[in-house]
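See below for entry-v9.pdb, which holds PDB, C-alpha atoms.
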ATOM      1  CA  MET A   1       0.000   0.000   0.000
ATOM      2  CA  ILE A   2       2.793   2.420   0.918
ATOM      3  CA  ARG A   3       4.646   1.496  -2.276
ATOM      4  CA  LEU A   4       1.539   2.307  -4.364
ATOM      5  CA  PHE A   5       1.123   5.652  -2.584
ATOM      6  CA  LEU A   6       4.781   6.555  -3.129
ATOM      7  CA  THR A   7       4.526   5.562  -6.789
ATOM      8  CA  LEU A   8       1.497   7.812  -7.242
ATOM      9  CA  ILE A   9       3.260  10.718  -5.543
ATOM     10  CA  LEU A  10       6.299  10.254  -7.762
ATOM     11  CA  LEU A  11       4.162  10.028 -10.923
ATOM     12  CA  PHE A  12       2.092  13.156 -10.177
ATOM     13  CA  PRO A  13       4.665  15.563 -11.672
ATOM     14  CA  LEU A  14       4.759  13.390 -14.803
ATOM     15  CA  VAL A  15       0.984  13.695 -15.154
ATOM     16  CA  ALA A  16       1.263  17.476 -14.880
ATOM     17  CA  GLN A  17       4.014  17.527 -17.484
ATOM     18  CA  ALA A  18       1.980  15.237 -19.752
ATOM     19  CA  GLN A  19      -0.446  18.111 -20.262
ATOM     20  CA  GLY A  20       2.520  20.266 -21.242
ATOM     21  CA  LEU A  21       1.311  23.260 -19.244
ATOM     22  CA  SER A  22       3.154  25.435 -16.777
ATOM     23  CA  ASP A  23       2.644  28.732 -15.066
ATOM     24  CA  PHE A  24       4.799  31.657 -16.122
ATOM     25  CA  ASP A  25       7.336  30.792 -13.414
ATOM     26  CA  GLY A  26       7.949  27.424 -15.101
ATOM     27  CA  ASN A  27       6.042  25.318 -12.551
ATOM     28  CA  PRO A  28       4.112  22.379 -14.097
ATOM     29  CA  ARG A  29       0.351  22.917 -13.812
ATOM     30  CA  THR A  30      -2.786  21.051 -14.895
ATOM     31  CA  LEU A  31      -6.360  21.990 -15.690
ATOM     32  CA  ASP A  32      -7.503  19.795 -12.801
ATOM     33  CA  GLU A  33      -6.027  22.340 -10.412
ATOM     34  CA  PHE A  34      -8.660  24.826 -11.601
ATOM     35  CA  THR A  35     -11.691  22.768 -12.659
ATOM     36  CA  GLY A  36     -14.109  20.807 -10.512
ATOM     37  CA  LYS A  37     -13.766  23.169  -7.556
ATOM     38  CA  GLY A  38     -17.396  24.312  -7.438
ATOM     39  CA  LYS A  39     -17.076  27.197  -9.917
ATOM     40  CA  TRP A  40     -17.625  27.556 -13.615
ATOM     41  CA  VAL A  41     -14.284  27.825 -15.424
ATOM     42  CA  VAL A  42     -13.935  29.599 -18.752
ATOM     43  CA  VAL A  43     -10.704  28.549 -20.446
ATOM     44  CA  MET A  44      -9.461  30.929 -23.113
ATOM     45  CA  ILE A  45      -6.800  29.419 -25.378
ATOM     46  CA  TRP A  46      -4.873  32.329 -26.880
ATOM     47  CA  ALA A  47      -1.790  33.387 -28.806
ATOM     48  CA  HIS A  48       0.122  36.642 -28.371
ATOM     49  CA  ASN A  49      -0.191  37.561 -32.058
ATOM     50  CA  CYS A  50      -3.850  36.631 -32.542
ATOM     51  CA  PRO A  51      -5.876  39.757 -33.434
ATOM     52  CA  LEU A  52      -9.116  38.271 -32.067
ATOM     53  CA  CYS A  53      -7.399  37.250 -28.830
ATOM     54  CA  ASN A  54      -6.203  40.820 -28.383
ATOM     55  CA  GLN A  55      -9.782  42.050 -28.922
ATOM     56  CA  GLU A  56     -11.506  39.461 -26.731
ATOM     57  CA  VAL A  57      -9.188  39.198 -23.740
ATOM     58  CA  GLN A  58     -10.203  42.435 -22.019
ATOM     59  CA  LYS A  59     -13.857  41.377 -21.894
ATOM     60  CA  PHE A  60     -12.848  38.173 -20.173
ATOM     61  CA  ASP A  61     -10.646  39.970 -17.695
ATOM     62  CA  ILE A  62     -13.710  42.008 -16.712
ATOM     63  CA  PHE A  63     -15.829  38.828 -16.600
ATOM     64  CA  HIS A  64     -13.249  37.242 -14.283
ATOM     65  CA  ALA A  65     -13.236  40.267 -11.956
ATOM     66  CA  GLU A  66     -17.042  40.286 -11.781
ATOM     67  CA  HIS A  67     -17.379  36.560 -11.078
ATOM     68  CA  GLU A  68     -14.236  35.310  -9.315
ATOM     69  CA  ASP A  69     -15.589  35.870  -5.807
ATOM     70  CA  ARG A  70     -18.904  34.208  -6.626
ATOM     71  CA  ASP A  71     -19.410  31.586  -9.261
ATOM     72  CA  ALA A  72     -16.846  31.579 -12.082
ATOM     73  CA  MET A  73     -13.306  32.270 -13.134
ATOM     74  CA  VAL A  74     -11.289  32.599 -16.322
ATOM     75  CA  LEU A  75      -8.133  30.627 -17.002
ATOM     76  CA  GLY A  76      -5.952  31.608 -19.936
ATOM     77  CA  ILE A  77      -3.782  29.125 -21.789
ATOM     78  CA  SER A  78      -1.187  30.529 -24.163
ATOM     79  CA  ILE A  79       0.039  28.403 -27.078
ATOM     80  CA  ASP A  80       3.227  30.485 -27.231
ATOM     81  CA  GLY A  81       5.418  28.238 -25.100
ATOM     82  CA  GLY A  82       8.875  27.379 -26.274
ATOM     83  CA  TYR A  83       9.544  30.137 -28.769
ATOM     84  CA  HIS A  84       7.458  33.100 -27.673
ATOM     85  CA  ASP A  85       7.368  32.926 -23.872
ATOM     86  CA  GLN A  86       8.419  36.573 -23.575
ATOM     87  CA  LYS A  87       5.819  37.726 -26.104
ATOM     88  CA  ALA A  88       3.167  35.851 -24.101
ATOM     89  CA  ARG A  89       4.298  37.639 -20.924
ATOM     90  CA  GLU A  90       4.098  40.949 -22.793
ATOM     91  CA  PHE A  91       0.528  40.080 -23.878
ATOM     92  CA  ILE A  92      -0.448  39.529 -20.221
ATOM     93  CA  ASP A  93       1.272  42.746 -19.128
ATOM     94  CA  ARG A  94      -0.098  44.832 -22.015
ATOM     95  CA  HIS A  95      -3.662  43.784 -21.207
ATOM     96  CA  GLU A  96      -3.044  43.930 -17.432
ATOM     97  CA  LEU A  97      -4.684  40.537 -17.032
ATOM     98  CA  GLU A  98      -5.788  39.579 -13.544
ATOM     99  CA  PHE A  99      -6.959  36.056 -14.332
ATOM    100  CA  PRO A 100      -4.459  33.188 -14.073
ATOM    101  CA  ASN A 101      -2.629  32.136 -17.219
ATOM    102  CA  LEU A 102      -0.733  29.004 -18.129
ATOM    103  CA  ILE A 103       1.526  28.413 -21.112
ATOM    104  CA  GLY A 104       2.345  25.430 -23.297
ATOM    105  CA  ASP A 105       3.742  24.905 -26.733
ATOM    106  CA  ALA A 106       1.222  24.767 -29.582
ATOM    107  CA  ARG A 107       1.554  20.991 -29.993
ATOM    108  CA  SER A 108       0.922  20.258 -26.297
ATOM    109  CA  VAL A 109      -2.066  22.581 -26.115
ATOM    110  CA  ALA A 110      -3.483  21.095 -29.321
ATOM    111  CA  ARG A 111      -3.074  17.588 -27.879
ATOM    112  CA  LEU A 112      -4.785  18.666 -24.655
ATOM    113  CA  HIS A 113      -7.657  20.109 -26.713
ATOM    114  CA  VAL A 114      -8.078  16.821 -28.596
ATOM    115  CA  ASP A 115      -7.997  14.888 -25.308
ATOM    116  CA  LEU A 116     -10.716  17.125 -23.860
ATOM    117  CA  THR A 117     -12.988  17.590 -26.873
ATOM    118  CA  GLY A 118     -12.154  14.872 -29.370
ATOM    119  CA  GLN A 119     -11.627  17.635 -31.941
ATOM    120  CA  ARG A 120      -8.592  19.359 -33.407
ATOM    121  CA  LEU A 121      -7.667  22.814 -32.163
ATOM    122  CA  VAL A 122      -8.388  24.948 -35.218
ATOM    123  CA  GLY A 123      -7.530  28.419 -34.012
ATOM    124  CA  THR A 124      -7.367  31.047 -31.347
ATOM    125  CA  PRO A 125      -9.138  32.170 -29.414
ATOM    126  CA  THR A 126     -10.819  28.945 -28.453
ATOM    127  CA  PHE A 127     -13.019  28.900 -25.368
ATOM    128  CA  LEU A 128     -13.816  25.877 -23.230
ATOM    129  CA  LEU A 129     -16.451  25.999 -20.500
ATOM    130  CA  PHE A 130     -16.279  23.683 -17.523
ATOM    131  CA  ALA A 131     -19.218  23.225 -15.143
ATOM    132  CA  PRO A 132     -18.624  23.550 -11.386
ATOM    133  CA  SER A 133     -18.346  19.745 -11.283
ATOM    134  CA  GLY A 134     -15.384  19.886 -13.685
ATOM    135  CA  GLU A 135     -17.297  18.510 -16.665
ATOM    136  CA  LEU A 136     -16.567  20.123 -20.037
ATOM    137  CA  VAL A 137     -19.932  21.496 -21.185
ATOM    138  CA  GLY A 138     -19.116  23.899 -23.998
ATOM    139  CA  MET A 139     -16.625  24.931 -26.645
ATOM    140  CA  GLN A 140     -16.436  27.932 -28.973
ATOM    141  CA  VAL A 141     -13.829  28.783 -31.591
ATOM    142  CA  GLY A 142     -13.598  32.500 -32.292
ATOM    143  CA  PRO A 143     -15.244  35.486 -30.636
ATOM    144  CA  LEU A 144     -17.551  34.926 -27.698
ATOM    145  CA  GLU A 145     -19.540  37.362 -25.629
ATOM    146  CA  PRO A 146     -19.314  36.998 -21.849
ATOM    147  CA  GLU A 147     -23.084  37.592 -21.715
ATOM    148  CA  THR A 148     -23.569  34.347 -23.647
ATOM    149  CA  ILE A 149     -21.586  32.489 -20.998
ATOM    150  CA  GLU A 150     -23.491  34.218 -18.188
ATOM    151  CA  ALA A 151     -26.822  33.204 -19.745
ATOM    152  CA  PHE A 152     -25.613  29.624 -20.168
ATOM    153  CA  MET A 153     -24.374  29.538 -16.580
ATOM    154  CA  GLN A 154     -27.636  30.916 -15.234
ATOM    155  CA  LYS A 155     -29.785  28.484 -17.211
ATOM    156  CA  ASN A 156     -27.655  25.473 -16.383
ATOM    157  CA  THR A 157     -27.091  26.358 -12.735
ATOM    158  CA  GLN A 158     -30.851  26.456 -12.335
ATOM    159  CA  ASN A 159     -31.063  23.045 -14.017
ATOM    160  CA  LEU A 160     -28.434  21.685 -11.624
ATOM    161  CA  VAL A 161     -30.354  23.010  -8.601
ATOM    162  CA  ALA A 162     -33.830  22.054  -9.799
ATOM    163  CA  PRO A 163     -35.285  18.854  -8.229
TER
END

Could you write out this file's structure as structure tokens?
Amino acid sequence: MIRLFLTLILLFPLVAQAQGLSDFDGNPRTLDEFTGKGKWVVVMIWAHNCPLCNQEVQKFDIFHAEHEDRDAMVLGISIDGGYHDQKAREFIDRHELEFPNLIGDARSVARLHVDLTGQRLVGTPTFLLFAPSGELVGMQVGPLEPETIEAFMQKNTQNLVAP
């Protein structure tokens, strides 16, 4: 039993690295650290040089600020890892983003997207919506209005609470 526990502890960092994500300090991170914690999680997959990402990100920073203490949060995932780490940091700084952001190389993020959705990552921004339980319940490629997410959350939270 102790051997199994120690094996699991030793493998945990490998699981985190398997997703290919890290925070901007280089620490391996996973989506599971953010999802399934009783809040809706809006994941925005972005690239520093994506015109739509640059247009959309501010709306989601506001959404995060309005919801983080109540019912939802935003998590950014940059596909700029490996070659454009600094440009990704500049994107975060330029937009003064308050929501947490992770980074991975394009291949790792694309593989994570396939694992989650069964579909190829076709562009940025791509939004994923996780229910408070951690279940993936929505995906959108391209622009998305925060009001659409709020309406979805309200409708589906009521469905979760209804007898």

Under the rule that all atoms listed in the file are counted, which of A:Pro100, A:Gly76, A:Gly118, A:Pro132 is the nearest residue to Thr157 of chain A? A:Pro132

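Atom CA of Val43 of chain A is positioned 11.6 Å from atom CA of Val137 of chain A.
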
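Residues with any atom within 12 Å of the point (-18.5, 35.9, -28.8), counting only C-alpha atoms, are Met44, Leu52, Cys53, Gln55, Glu56, Val57, Lys59, Phe60, Pro125, Thr126, Phe127, Met139, Gln140, Val141, Gly142, Pro143, Leu144, Glu145, Pro146, Glu147, Thr148, Ile149 and Glu150 of chain A.
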
Assuming the chain letters and numbering stay as they are in my file, what does the PyMOL selection byres ((chain A and resi 107) around 12) actually select? List them as JSON, numbers by chain. {"A": [18, 19, 20, 21, 78, 79, 80, 81, 82, 103, 104, 105, 106, 108, 109, 110, 111, 112, 113, 114, 120, 121, 122]}

Export of prior selection with C-alpha atoms as a compact mmCIF listing (two decimals), in the frame of the given file:
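File produced: out_13.txt:
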# COMPACT_ATOMS: atom_id res chain seq x y z
CA ALA A 18 1.98 15.24 -19.75
CA GLN A 19 -0.45 18.11 -20.26
CA GLY A 20 2.52 20.27 -21.24
CA LEU A 21 1.31 23.26 -19.24
CA SER A 78 -1.19 30.53 -24.16
CA ILE A 79 0.04 28.40 -27.08
CA ASP A 80 3.23 30.48 -27.23
CA GLY A 81 5.42 28.24 -25.10
CA GLY A 82 8.88 27.38 -26.27
CA ILE A 103 1.53 28.41 -21.11
CA GLY A 104 2.35 25.43 -23.30
CA ASP A 105 3.74 24.90 -26.73
CA ALA A 106 1.22 24.77 -29.58
CA SER A 108 0.92 20.26 -26.30
CA VAL A 109 -2.07 22.58 -26.12
CA ALA A 110 -3.48 21.10 -29.32
CA ARG A 111 -3.07 17.59 -27.88
CA LEU A 112 -4.78 18.67 -24.66
CA HIS A 113 -7.66 20.11 -26.71
CA VAL A 114 -8.08 16.82 -28.60
CA ARG A 120 -8.59 19.36 -33.41
CA LEU A 121 -7.67 22.81 -32.16
CA VAL A 122 -8.39 24.95 -35.22

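With atom CA of Phe99 of chain A on one side and atom CA of Gln119 of chain A on the other, the separation reads 25.9 Å.
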
Which of these, A:Glu135, A:Asp115, A:Glu66, A:Asp85, has the shortest distance to Thr35 of chain A once you count only C-alpha atoms? A:Glu135

So how many Å separate atom CA of Val42 of chain A and atom CA of Ala72 of chain A, to one decimal? 7.5 Å

Using only C-alpha atoms, the shortest atom-to-atom distance to Glu68 of chain A among A:Leu136, A:Leu128, A:Val41, A:Leu116 belongs to A:Val41

Quick one: what's the axis-aligned box for segment 139-154 of chain A, all listed atoms, 8 Å on every side, centre and edges in Å to one decimal, as AutoDock Vina command-line options?
--center_x -20.6 --center_y 31.3 --center_z -23.8 --size_x 30.0 --size_y 28.7 --size_z 33.1

Who sits within 9 Å of Gln58 of chain A, all atoms listed in the file, same chain under 6 positions skipped, as a ChimeraX atom specification: /A:95-97

So that I have them on file, write out the residues from the current selection with C-alpha atoms, as a PDB file, in the frame of the given file.
ATOM      1  CA  HIS A  95      -3.662  43.784 -21.207  1.00  0.00           C
ATOM      2  CA  GLU A  96      -3.044  43.930 -17.432  1.00  0.00           C
ATOM      3  CA  LEU A  97      -4.684  40.537 -17.032  1.00  0.00           C
TER       4      LEU A  97
END

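Proximity to Pro51 of chain A was assessed for A:Thr124, A:Ser133, A:Thr30, A:Thr117 counting only C-alpha atoms; the smallest distance is recorded for A:Thr124.
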
Using all atoms listed in the file for the distances, tell me which of A:Gln154, A:Phe91, A:Asn54, A:Val74 is nearest to Leu129 of chain A. A:Val74

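The set of residues that the PyMOL selection byres ((chain A and resi 48) around 6) takes from this file is Ala47, Asn49, Cys50, Ala88 and Phe91 of chain A.
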